[in-house]
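The structure appears below as structure tokens.
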Amino acid sequence: MSNKSTTTALHNDATPTKLVAVPACQDDCCTDEATTTECHDACCTGETKAVVEHDDCCDDDCHGKTKATECHDACCAGESTTVAEHDDCCDDDACCDDEDEAETEAKSATAETTMEKTYQVTGMDCGNCALTLEKAVAKLPGIQRAKVNFSTGKMSVVVADPQALQSISKTVAQLGYQLAADSKTTGAQDTFKITGMDCGGCAQTIEKHLGSLPDVQAVTVNFATGSMAITHTNPVVAIQAELAKIGYGGTVVGTPSSEKQPPKLAKHTQTVLLAGIFLALGYLGLMWLPALAPVAFAASMVVSGWQPLRSAFYALKSKALDMNVLMVAAALGAALIGEWQEGALVVFLFAIGTLLQNKAVEKTRHSIKGLLDLTPDTALVQVGNEFIQRAVSSVRVADILQIQAGAKIPLDGLVVQGASSVNQAPITGEANPVVKQVDDEVFAGTINQEGALTVKVTHLSSDSTIARIIAMVEDAQAQKAPAEAFIDRFAKVYTPIVFALALLTMVIPPLFFQAAFATWFYRGLELLVVACPCALIISTPVAIVSAIGRAAKNGVLIKGGNFLEKAGALTAVAFDKTGTITAGQPAVSGVYPFATNEQTLVQTLAALEANTTHPIGQAITQAAQAQDLAIPAVTNFQNIPGKGIQASLAGTTYLAGTAALFDPTLFTKANLDQLQSLQASGQTIVLLGTATKLLGLVAVADGIRPTSKQAIAQLANVGIKETVMLTGDNPGAAAKIAQDAGITTVAANLLPDQKVQAIAALQQKGQTVAMVGDGINDAPALALADVGIAMGGAGTDTAIETADIVLMADNLEKLPFMIRLSRQAMGIVKQNVAFALAIKLLAFVLIFPGWLPLWAAVLSDSGAAVLVTLNALRLLRQKPAVNPAKSGVTSQQLSPK
């Protein structure tokens, strides 16, 4: 653990401010401006009252003095208190002692209160935006260090005086971006739908502008989803007014106005149309009224160029070169040399390009907007003996809901009455309905198709499965793939170089070669346009966002562009057996007593297995219950990894598990022959005995999933060279299952650490390996694999959290779909980058001979941005090739209650 502590605020669900150089688990106290807690130490300010588990109070005599003790004692200062772990109160001896005060002051002096604060920055559309923001913030008074990470959208700032933070939000907002501080805040937290954004730079502009406001503690804008999360103390109307100042609109999600807002692009379209009218009047004026033509062209420039001019102004204040600066400079330069027609056409084409690009990007946003609209706003809640319709936001955990036939399920819960089939396609991507009965889990956003269900709420809307999916998809879309990071680094070098070349083109020929100033100034303006890396920068993220959104709509959660990129490079896939290749619903297929009777054998085994959660143990327990056998309690239960279990029953210590658990001398030849025969037929053997005697065995069989064989065959078709099954089961059963599923390689009798070694061996052979498991027992192997893939994530929180990619349904056929989608996405990224670079190169070739007019340079840039976006939208049409006839069996249908 680092010796730096991190504040963990337990209120407002906020990510904490970091105080650098604060020792962990040591006595400490805090400054007037910040608080920190490590383990249990408490820290108090002079104006804030914070309570970490229990309320506390400070004695009046303690005001102005502080005391902190390791892990338990409370720290009191001024009029505030904070307590960690235990209630405490500060008396004269504890809080006001001069010696303690001196000790506290000495420790405060050694732990210098340099503060690092992290903001979530929205609105950045390229690496240049991040660099611009970093430079601007670093130059502010009191800022010791500023670092902006474009891929994560976060900015970290180090200051000695917290007062220096107040100027950051204004500076960021002026640059056109928005901030959301990852620290404890006390304002209201709202989510807005934002209209008018046409690029990632717009999102950054909003964040910067609102983040600079003193009443805004945190702001994050997600360009991909068109949403803004903001923590603020001023009224909503004030936020909307600030958005309007910089040309955007916003409504709070969940309000009637947010559902009935006008078309998002209507205002931008009207501006383009009006500018087009003035532009047309200018061309008509050239024919009939030449003197008025410049006026019409100037009017067109003002109408369509006002918003870019405003954005360029804020970018220049931070010494950034974004596309608005370059386009505005080109247009004003054209007007300066009397080319009003060219200047108006430049701005008009730029406006059309951003409009078309915005429309195209809007479609990528719909890739997850469908998820946002899945859950209803109201629910039928039981009140007394009747059900009353109430807002979902007012429903509490353990409330009873009625779900009528044909209705969407509003919240996660357990069925307490009724039976029906439920369409879980919104969660799992599977179109086939799943039977739901009493004690089955249902998910928010799924559709009840037949009978009425009575459901007990288990999760609120903010913590539902669909809410977690949406949050993960949005986080994944915000992450940067390696290809995207490379493009951003390239753009950081490309734009300044071309900008400098443009300036040299304007100056050197006229000064040193007596060339015409107007001619070379014009060509320099064209280079300014070509310097804009918009098409190049947007070429990668639109493809990544589209692919991740498409995957989520089909029940595959990809947790970031880096995992999407890795999935396309896979050459080998390793599988766990139980619950992955097989259905995970084993059943007892035979009972073979050696030194006892069948009932006693099953009953004793069930007593031991009742303490496990393994599907094989559950199968034996269910077999005992089916025979109405009482299952006695055991003591001294012990799990022996990779071999079995041990426990005491009625004074006897029993062993249950594989043959490796027992002394080899206990086996007769007949026992060994029977074991080999059963294992060769694909059955799993569970032996029961003591340290000195074998009592018998139970055979358990688990058939492969209906989709496994076809899915593994499809993996070969998408270029997977090797499929491997890693299992702790016996070699005979493993070989039979592998043969039935079409798996090429089998490794049986593996302990958990041996599965890790098997993954490492594949990687050492040069393979790029994916591990597919349940996300729980296979966690070490999932972590080591290049891509960890968990199945059945719809009902497993651990699977969602553990793996890099989650298949929400128990269907391996989503695996080849995911690999195809990844490869298509990476192919489109390569196409987009190559096309954007080719357009730039062609423009360079045509500029210097004078063959490329300024408007064509603008068209090449804006047009390329639109085309690469449209190319990425092809990913939204990618669908999994699932055989419905083979995917209709569910776990619920296999074992109806």
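Lettering and numbering for the structure tokens are positional, with chains as A, B, ... in the shown order, residues counted from 1 in each chain, and ligands counted from 1 in the shown order.
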- Task: Mind checking which residues fall within 9 Å of Ala587 in chain A, counting only C-alpha atoms, ignoring those fewer than 2 positions away in the same chain, and posting them as a list in words?
- Result: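 Counting only C-alpha atoms, the residues come to Gln585, Ser589, Pro615, Ile616, Gln618, Ala619, Ile620, Gln622, Ala623, Ala699, Val700, Ala701 and Asp702 of chain A.
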- Item | Shell of 12 Å around Phe594 in chain A, only C-alpha atoms, local chain residues under 2 positions omitted, as a list in words |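 Those residues are Val591, Tyr592, Thr596, Asn597, Glu598, Thr600, Leu601, Leu666, Phe667, Thr668, Ala670, Asn671, Gln674, Leu687, Leu688, Gly689, Lys693, Leu694, Leu695, Gly696, Leu697 and Val698 of chain A.
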Just N, CA and C atoms for this one: save the residues we selected as an mmCIF file, in the first residue's frame.
```cif
data_model
loop_
_atom_site.group_PDB
_atom_site.id
_atom_site.type_symbol
_atom_site.label_atom_id
_atom_site.label_comp_id
_atom_site.auth_asym_id
_atom_site.auth_seq_id
_atom_site.Cartn_x
_atom_site.Cartn_y
_atom_site.Cartn_z
ATOM 1 N N VAL A 591 -25.832 -44.921 -9.047
ATOM 2 C CA VAL A 591 -25.370 -45.046 -7.670
ATOM 3 C C VAL A 591 -24.791 -46.451 -7.510
ATOM 4 N N TYR A 592 -23.518 -46.545 -7.060
ATOM 5 C CA TYR A 592 -22.815 -47.824 -7.007
ATOM 6 C C TYR A 592 -22.191 -48.013 -5.615
ATOM 7 N N THR A 596 -21.860 -50.320 1.587
ATOM 8 C CA THR A 596 -23.042 -49.744 2.210
ATOM 9 C C THR A 596 -24.195 -49.928 1.244
ATOM 10 N N ASN A 597 -25.377 -49.368 1.582
ATOM 11 C CA ASN A 597 -26.509 -49.464 0.656
ATOM 12 C C ASN A 597 -26.680 -48.145 -0.100
ATOM 13 N N GLU A 598 -27.531 -48.155 -1.137
ATOM 14 C CA GLU A 598 -27.682 -46.979 -2.014
ATOM 15 C C GLU A 598 -28.183 -45.768 -1.255
ATOM 16 N N THR A 600 -28.038 -44.994 1.984
ATOM 17 C CA THR A 600 -27.036 -44.441 2.910
ATOM 18 C C THR A 600 -25.917 -43.739 2.142
ATOM 19 N N LEU A 601 -25.531 -44.307 0.997
ATOM 20 C CA LEU A 601 -24.484 -43.691 0.178
ATOM 21 C C LEU A 601 -24.919 -42.307 -0.303
ATOM 22 N N LEU A 666 -6.646 -48.692 -1.431
ATOM 23 C CA LEU A 666 -8.038 -49.014 -1.102
ATOM 24 C C LEU A 666 -8.816 -49.541 -2.304
ATOM 25 N N PHE A 667 -8.293 -49.331 -3.526
ATOM 26 C CA PHE A 667 -9.022 -49.696 -4.733
ATOM 27 C C PHE A 667 -8.713 -51.137 -5.127
ATOM 28 N N THR A 668 -9.773 -51.901 -5.372
ATOM 29 C CA THR A 668 -9.602 -53.231 -5.958
ATOM 30 C C THR A 668 -9.586 -53.096 -7.474
ATOM 31 N N ALA A 670 -11.594 -54.506 -9.475
ATOM 32 C CA ALA A 670 -12.980 -54.306 -9.915
ATOM 33 C C ALA A 670 -13.382 -52.835 -9.786
ATOM 34 N N ASN A 671 -12.948 -52.207 -8.686
ATOM 35 C CA ASN A 671 -13.234 -50.771 -8.509
ATOM 36 C C ASN A 671 -12.617 -49.948 -9.642
ATOM 37 N N GLN A 674 -14.390 -50.383 -12.985
ATOM 38 C CA GLN A 674 -15.677 -49.693 -13.004
ATOM 39 C C GLN A 674 -15.476 -48.183 -13.181
ATOM 40 N N LEU A 687 -16.521 -40.261 -5.379
ATOM 41 C CA LEU A 687 -16.297 -41.375 -4.470
ATOM 42 C C LEU A 687 -16.582 -40.960 -3.035
ATOM 43 N N LEU A 688 -17.102 -41.869 -2.236
ATOM 44 C CA LEU A 688 -17.328 -41.632 -0.808
ATOM 45 C C LEU A 688 -16.581 -42.700 -0.024
ATOM 46 N N GLY A 689 -15.909 -42.292 1.061
ATOM 47 C CA GLY A 689 -15.203 -43.244 1.895
ATOM 48 C C GLY A 689 -14.621 -42.576 3.114
ATOM 49 N N LYS A 693 -11.412 -46.935 4.114
ATOM 50 C CA LYS A 693 -12.379 -47.764 3.411
ATOM 51 C C LYS A 693 -13.113 -46.970 2.336
ATOM 52 N N LEU A 694 -13.366 -47.598 1.175
ATOM 53 C CA LEU A 694 -14.222 -47.031 0.138
ATOM 54 C C LEU A 694 -15.645 -47.530 0.363
ATOM 55 N N LEU A 695 -16.599 -46.602 0.422
ATOM 56 C CA LEU A 695 -17.993 -46.962 0.666
ATOM 57 C C LEU A 695 -18.808 -47.075 -0.614
ATOM 58 N N GLY A 696 -18.410 -46.358 -1.667
ATOM 59 C CA GLY A 696 -19.153 -46.420 -2.919
ATOM 60 C C GLY A 696 -18.881 -45.196 -3.772
ATOM 61 N N LEU A 697 -19.599 -45.134 -4.892
ATOM 62 C CA LEU A 697 -19.443 -43.978 -5.780
ATOM 63 C C LEU A 697 -20.779 -43.613 -6.393
ATOM 64 N N VAL A 698 -20.889 -42.357 -6.776
ATOM 65 C CA VAL A 698 -22.058 -41.841 -7.496
ATOM 66 C C VAL A 698 -21.562 -41.261 -8.815
#
```
- Task: Rank A:Ile737, A:Val772, A:Ala783, A:Ala659 by their smallest atom-to-atom distance to Thr582 in chain A, using only C-alpha atoms, and report the top residue only.
- Result: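 Closest residue, counting only C-alpha atoms: A:Ile737.
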In range 523-583 of chain A, what's alpha helix (DSSP H) per DSSP? Answer as a PDB file with N, CA and C atoms, in the first residue's frame?
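File written: part.pdb
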```pdb
ATOM      1  N   ARG A 523      -2.755  30.006 -50.520  1.00  0.00           N
ATOM      2  CA  ARG A 523      -2.318  28.614 -50.374  1.00  0.00           C
ATOM      3  C   ARG A 523      -2.004  28.280 -48.913  1.00  0.00           C
ATOM      4  N   GLY A 524      -1.525  29.265 -48.193  1.00  0.00           N
ATOM      5  CA  GLY A 524      -1.320  29.050 -46.759  1.00  0.00           C
ATOM      6  C   GLY A 524      -2.623  28.816 -46.028  1.00  0.00           C
ATOM      7  N   LEU A 525      -3.673  29.555 -46.466  1.00  0.00           N
ATOM      8  CA  LEU A 525      -4.990  29.318 -45.875  1.00  0.00           C
ATOM      9  C   LEU A 525      -5.472  27.895 -46.149  1.00  0.00           C
ATOM     10  N   GLU A 526      -5.197  27.404 -47.342  1.00  0.00           N
ATOM     11  CA  GLU A 526      -5.588  26.037 -47.673  1.00  0.00           C
ATOM     12  C   GLU A 526      -4.857  25.028 -46.774  1.00  0.00           C
ATOM     13  N   LEU A 527      -3.600  25.313 -46.489  1.00  0.00           N
ATOM     14  CA  LEU A 527      -2.860  24.430 -45.596  1.00  0.00           C
ATOM     15  C   LEU A 527      -3.426  24.468 -44.176  1.00  0.00           C
ATOM     16  N   LEU A 528      -3.929  25.626 -43.758  1.00  0.00           N
ATOM     17  CA  LEU A 528      -4.575  25.699 -42.453  1.00  0.00           C
ATOM     18  C   LEU A 528      -5.753  24.735 -42.372  1.00  0.00           C
ATOM     19  N   VAL A 529      -6.523  24.687 -43.455  1.00  0.00           N
ATOM     20  CA  VAL A 529      -7.668  23.776 -43.494  1.00  0.00           C
ATOM     21  C   VAL A 529      -7.191  22.323 -43.462  1.00  0.00           C
ATOM     22  N   VAL A 530      -6.165  22.037 -44.258  1.00  0.00           N
ATOM     23  CA  VAL A 530      -5.640  20.670 -44.305  1.00  0.00           C
ATOM     24  C   VAL A 530      -5.030  20.277 -42.959  1.00  0.00           C
ATOM     25  N   CYS A 534      -9.514  16.517 -37.997  1.00  0.00           N
ATOM     26  CA  CYS A 534     -10.817  16.042 -37.523  1.00  0.00           C
ATOM     27  C   CYS A 534     -11.162  14.652 -38.055  1.00  0.00           C
ATOM     28  N   ALA A 535     -11.071  14.468 -39.372  1.00  0.00           N
ATOM     29  CA  ALA A 535     -11.436  13.178 -39.958  1.00  0.00           C
ATOM     30  C   ALA A 535     -10.546  12.069 -39.434  1.00  0.00           C
ATOM     31  N   LEU A 536      -9.281  12.385 -39.246  1.00  0.00           N
ATOM     32  CA  LEU A 536      -8.332  11.379 -38.770  1.00  0.00           C
ATOM     33  C   LEU A 536      -8.646  10.979 -37.334  1.00  0.00           C
ATOM     34  N   ILE A 537      -8.947  11.962 -36.509  1.00  0.00           N
ATOM     35  CA  ILE A 537      -9.175  11.696 -35.092  1.00  0.00           C
ATOM     36  C   ILE A 537     -10.496  10.977 -34.860  1.00  0.00           C
ATOM     37  N   ILE A 538     -11.520  11.350 -35.611  1.00  0.00           N
ATOM     38  CA  ILE A 538     -12.831  10.737 -35.396  1.00  0.00           C
ATOM     39  C   ILE A 538     -12.927   9.367 -36.038  1.00  0.00           C
ATOM     40  N   PRO A 541     -12.656   6.497 -32.864  1.00  0.00           N
ATOM     41  CA  PRO A 541     -13.655   6.388 -31.791  1.00  0.00           C
ATOM     42  C   PRO A 541     -15.064   6.083 -32.271  1.00  0.00           C
ATOM     43  N   VAL A 542     -15.466   6.592 -33.451  1.00  0.00           N
ATOM     44  CA  VAL A 542     -16.825   6.294 -33.904  1.00  0.00           C
ATOM     45  C   VAL A 542     -16.982   4.810 -34.186  1.00  0.00           C
ATOM     46  N   ALA A 543     -15.925   4.177 -34.676  1.00  0.00           N
ATOM     47  CA  ALA A 543     -15.985   2.734 -34.920  1.00  0.00           C
ATOM     48  C   ALA A 543     -16.033   1.973 -33.597  1.00  0.00           C
ATOM     49  N   ILE A 544     -15.230   2.391 -32.622  1.00  0.00           N
ATOM     50  CA  ILE A 544     -15.214   1.720 -31.323  1.00  0.00           C
ATOM     51  C   ILE A 544     -16.564   1.857 -30.625  1.00  0.00           C
ATOM     52  N   VAL A 545     -17.114   3.079 -30.611  1.00  0.00           N
ATOM     53  CA  VAL A 545     -18.400   3.314 -29.947  1.00  0.00           C
ATOM     54  C   VAL A 545     -19.500   2.517 -30.625  1.00  0.00           C
ATOM     55  N   SER A 546     -19.506   2.487 -31.946  1.00  0.00           N
ATOM     56  CA  SER A 546     -20.534   1.744 -32.669  1.00  0.00           C
ATOM     57  C   SER A 546     -20.448   0.259 -32.367  1.00  0.00           C
ATOM     58  N   ALA A 547     -19.234  -0.286 -32.353  1.00  0.00           N
ATOM     59  CA  ALA A 547     -19.061  -1.718 -32.117  1.00  0.00           C
ATOM     60  C   ALA A 547     -19.461  -2.097 -30.691  1.00  0.00           C
ATOM     61  N   ILE A 548     -19.051  -1.319 -29.705  1.00  0.00           N
ATOM     62  CA  ILE A 548     -19.401  -1.627 -28.318  1.00  0.00           C
ATOM     63  C   ILE A 548     -20.910  -1.520 -28.116  1.00  0.00           C
ATOM     64  N   GLY A 549     -21.525  -0.515 -28.724  1.00  0.00           N
ATOM     65  CA  GLY A 549     -22.976  -0.376 -28.626  1.00  0.00           C
ATOM     66  C   GLY A 549     -23.711  -1.519 -29.292  1.00  0.00           C
ATOM     67  N   ARG A 550     -23.244  -1.930 -30.478  1.00  0.00           N
ATOM     68  CA  ARG A 550     -23.862  -3.039 -31.182  1.00  0.00           C
ATOM     69  C   ARG A 550     -23.750  -4.327 -30.363  1.00  0.00           C
ATOM     70  N   ALA A 551     -22.595  -4.552 -29.770  1.00  0.00           N
ATOM     71  CA  ALA A 551     -22.392  -5.744 -28.954  1.00  0.00           C
ATOM     72  C   ALA A 551     -23.326  -5.747 -27.751  1.00  0.00           C
ATOM     73  N   ALA A 552     -23.471  -4.600 -27.094  1.00  0.00           N
ATOM     74  CA  ALA A 552     -24.342  -4.516 -25.919  1.00  0.00           C
ATOM     75  C   ALA A 552     -25.783  -4.824 -26.282  1.00  0.00           C
ATOM     76  N   LYS A 553     -26.228  -4.378 -27.449  1.00  0.00           N
ATOM     77  CA  LYS A 553     -27.603  -4.651 -27.883  1.00  0.00           C
ATOM     78  C   LYS A 553     -27.816  -6.132 -28.141  1.00  0.00           C
ATOM     79  N   GLY A 561     -12.343  -0.293 -25.529  1.00  0.00           N
ATOM     80  CA  GLY A 561     -11.818  -0.451 -26.874  1.00  0.00           C
ATOM     81  C   GLY A 561     -10.592  -1.338 -26.940  1.00  0.00           C
ATOM     82  N   ASN A 562      -9.798  -1.361 -25.849  1.00  0.00           N
ATOM     83  CA  ASN A 562      -8.608  -2.223 -25.851  1.00  0.00           C
ATOM     84  C   ASN A 562      -8.991  -3.694 -25.893  1.00  0.00           C
ATOM     85  N   PHE A 563     -10.082  -4.073 -25.196  1.00  0.00           N
ATOM     86  CA  PHE A 563     -10.525  -5.465 -25.225  1.00  0.00           C
ATOM     87  C   PHE A 563     -11.200  -5.795 -26.563  1.00  0.00           C
ATOM     88  N   LEU A 564     -11.869  -4.819 -27.138  1.00  0.00           N
ATOM     89  CA  LEU A 564     -12.438  -5.020 -28.472  1.00  0.00           C
ATOM     90  C   LEU A 564     -11.327  -5.288 -29.482  1.00  0.00           C
ATOM     91  N   GLU A 565     -10.261  -4.520 -29.380  1.00  0.00           N
ATOM     92  CA  GLU A 565      -9.139  -4.695 -30.298  1.00  0.00           C
ATOM     93  C   GLU A 565      -8.452  -6.042 -30.084  1.00  0.00           C
ATOM     94  N   LYS A 566      -8.267  -6.449 -28.822  1.00  0.00           N
ATOM     95  CA  LYS A 566      -7.629  -7.728 -28.536  1.00  0.00           C
ATOM     96  C   LYS A 566      -8.474  -8.899 -29.019  1.00  0.00           C
ATOM     97  N   ALA A 567      -9.790  -8.777 -28.902  1.00  0.00           N
ATOM     98  CA  ALA A 567     -10.667  -9.875 -29.311  1.00  0.00           C
ATOM     99  C   ALA A 567     -10.501 -10.191 -30.789  1.00  0.00           C
TER     100      ALA A 567
END
```
- Message: Could you tell me how far CA of Val216 in chain A sits from CA of Ala241 in chain A, in Å to one decimal place?
- Response: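 So the two atoms, CA of Ala241 in chain A and CA of Val216 in chain A, lie 13.6 Å apart.
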- Hey, what's within 9 Å of Thr635 in chain A if we count only C-alpha atoms and toss same-chain stuff fewer than 2 positions away? As a list in words, please?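 Counting only C-alpha atoms, the residues come to Ala633, Phe637, Ala647, Ser648 and Leu649 of chain A.
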Within 6 Å of range 297-312 of chain A, which residues of range 325-422 of chain A show up? Give each one with its shortest atom-to-atom distance in Å (one decimal) and the two atoms involved, counting only C-alpha atoms, rows by chain then rising residue number, as JSON lines.
```
{"residue": "A:Val325", "atom": "CA", "partner": "A:Ala312", "partner_atom": "CA", "distance": 4.5}
{"residue": "A:Trp340", "atom": "CA", "partner": "A:Phe297", "partner_atom": "CA", "distance": 6.0}
{"residue": "A:Gln341", "atom": "CA", "partner": "A:Phe297", "partner_atom": "CA", "distance": 5.9}
{"residue": "A:Ala344", "atom": "CA", "partner": "A:Met301", "partner_atom": "CA", "distance": 4.8}
{"residue": "A:Val347", "atom": "CA", "partner": "A:Gly305", "partner_atom": "CA", "distance": 5.8}
```
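Across the structure, CA of Val602 in chain A and CA of Gly584 in chain A are spaced 20.5 Å apart.
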- Query: Contacts of Val415 in chain A at 6 Å or less, counting only C-alpha atoms, minus same-chain residues fewer than 4 places along, as a list in words?
  - Reply: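 My list of contacting residues is Val438, Asp439, Asp440, Thr454 and Val455 of chain A.
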File of the preceding selection, all heavy atoms, as a PDB file, in the first residue's frame:
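part26.pdb was written with the following content:
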```
ATOM      1  N   VAL A 438     -41.813 -19.258  -9.329  1.00  0.00           N
ATOM      2  CA  VAL A 438     -41.510 -18.770  -7.987  1.00  0.00           C
ATOM      3  C   VAL A 438     -40.022 -18.990  -7.671  1.00  0.00           C
ATOM      4  O   VAL A 438     -39.463 -20.055  -7.968  1.00  0.00           O
ATOM      5  CB  VAL A 438     -42.392 -19.482  -6.951  1.00  0.00           C
ATOM      6  CG1 VAL A 438     -41.974 -19.099  -5.533  1.00  0.00           C
ATOM      7  CG2 VAL A 438     -43.857 -19.130  -7.188  1.00  0.00           C
ATOM      8  N   ASP A 439     -39.407 -17.965  -7.102  1.00  0.00           N
ATOM      9  CA  ASP A 439     -37.992 -17.928  -6.705  1.00  0.00           C
ATOM     10  C   ASP A 439     -37.046 -17.691  -7.871  1.00  0.00           C
ATOM     11  O   ASP A 439     -35.829 -17.624  -7.660  1.00  0.00           O
ATOM     12  CB  ASP A 439     -37.568 -19.196  -5.966  1.00  0.00           C
ATOM     13  CG  ASP A 439     -38.212 -19.309  -4.593  1.00  0.00           C
ATOM     14  OD1 ASP A 439     -38.573 -18.259  -4.040  1.00  0.00           O
ATOM     15  OD2 ASP A 439     -38.370 -20.446  -4.100  1.00  0.00           O
ATOM     16  N   ASP A 440     -37.553 -17.557  -9.090  1.00  0.00           N
ATOM     17  CA  ASP A 440     -36.686 -17.203 -10.215  1.00  0.00           C
ATOM     18  C   ASP A 440     -36.444 -15.696 -10.221  1.00  0.00           C
ATOM     19  O   ASP A 440     -37.295 -14.904  -9.790  1.00  0.00           O
ATOM     20  CB  ASP A 440     -37.316 -17.630 -11.541  1.00  0.00           C
ATOM     21  CG  ASP A 440     -37.197 -19.121 -11.792  1.00  0.00           C
ATOM     22  OD1 ASP A 440     -36.325 -19.752 -11.175  1.00  0.00           O
ATOM     23  OD2 ASP A 440     -37.987 -19.655 -12.585  1.00  0.00           O
ATOM     24  N   THR A 454     -46.055 -11.777  -9.675  1.00  0.00           N
ATOM     25  CA  THR A 454     -45.869 -10.942  -8.496  1.00  0.00           C
ATOM     26  C   THR A 454     -44.401 -11.032  -8.106  1.00  0.00           C
ATOM     27  O   THR A 454     -43.873 -12.128  -7.915  1.00  0.00           O
ATOM     28  CB  THR A 454     -46.757 -11.410  -7.329  1.00  0.00           C
ATOM     29  OG1 THR A 454     -48.119 -11.418  -7.761  1.00  0.00           O
ATOM     30  CG2 THR A 454     -46.610 -10.485  -6.144  1.00  0.00           C
ATOM     31  N   VAL A 455     -43.755  -9.872  -8.005  1.00  0.00           N
ATOM     32  CA  VAL A 455     -42.295  -9.821  -7.874  1.00  0.00           C
ATOM     33  C   VAL A 455     -41.911  -8.996  -6.655  1.00  0.00           C
ATOM     34  O   VAL A 455     -42.471  -7.922  -6.411  1.00  0.00           O
ATOM     35  CB  VAL A 455     -41.669  -9.212  -9.148  1.00  0.00           C
ATOM     36  CG1 VAL A 455     -40.173  -9.005  -8.964  1.00  0.00           C
ATOM     37  CG2 VAL A 455     -41.937 -10.096 -10.354  1.00  0.00           C
TER      38      VAL A 455
END
```
- Message: Which residue is closest to Val346 in chain A? Choose from A:Met826, A:Ala391, A:Gly276, A:Ala515 and count only C-alpha atoms.
- Response: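 Of the candidates, the smallest distance to Val346 in chain A is held by A:Gly276.
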- Please, what distance in Å, to one decimal, runs between CA of Gln757 in chain A and CA of Ala803 in chain A?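 CA of Gln757 in chain A sits 18.6 Å away from CA of Ala803 in chain A.
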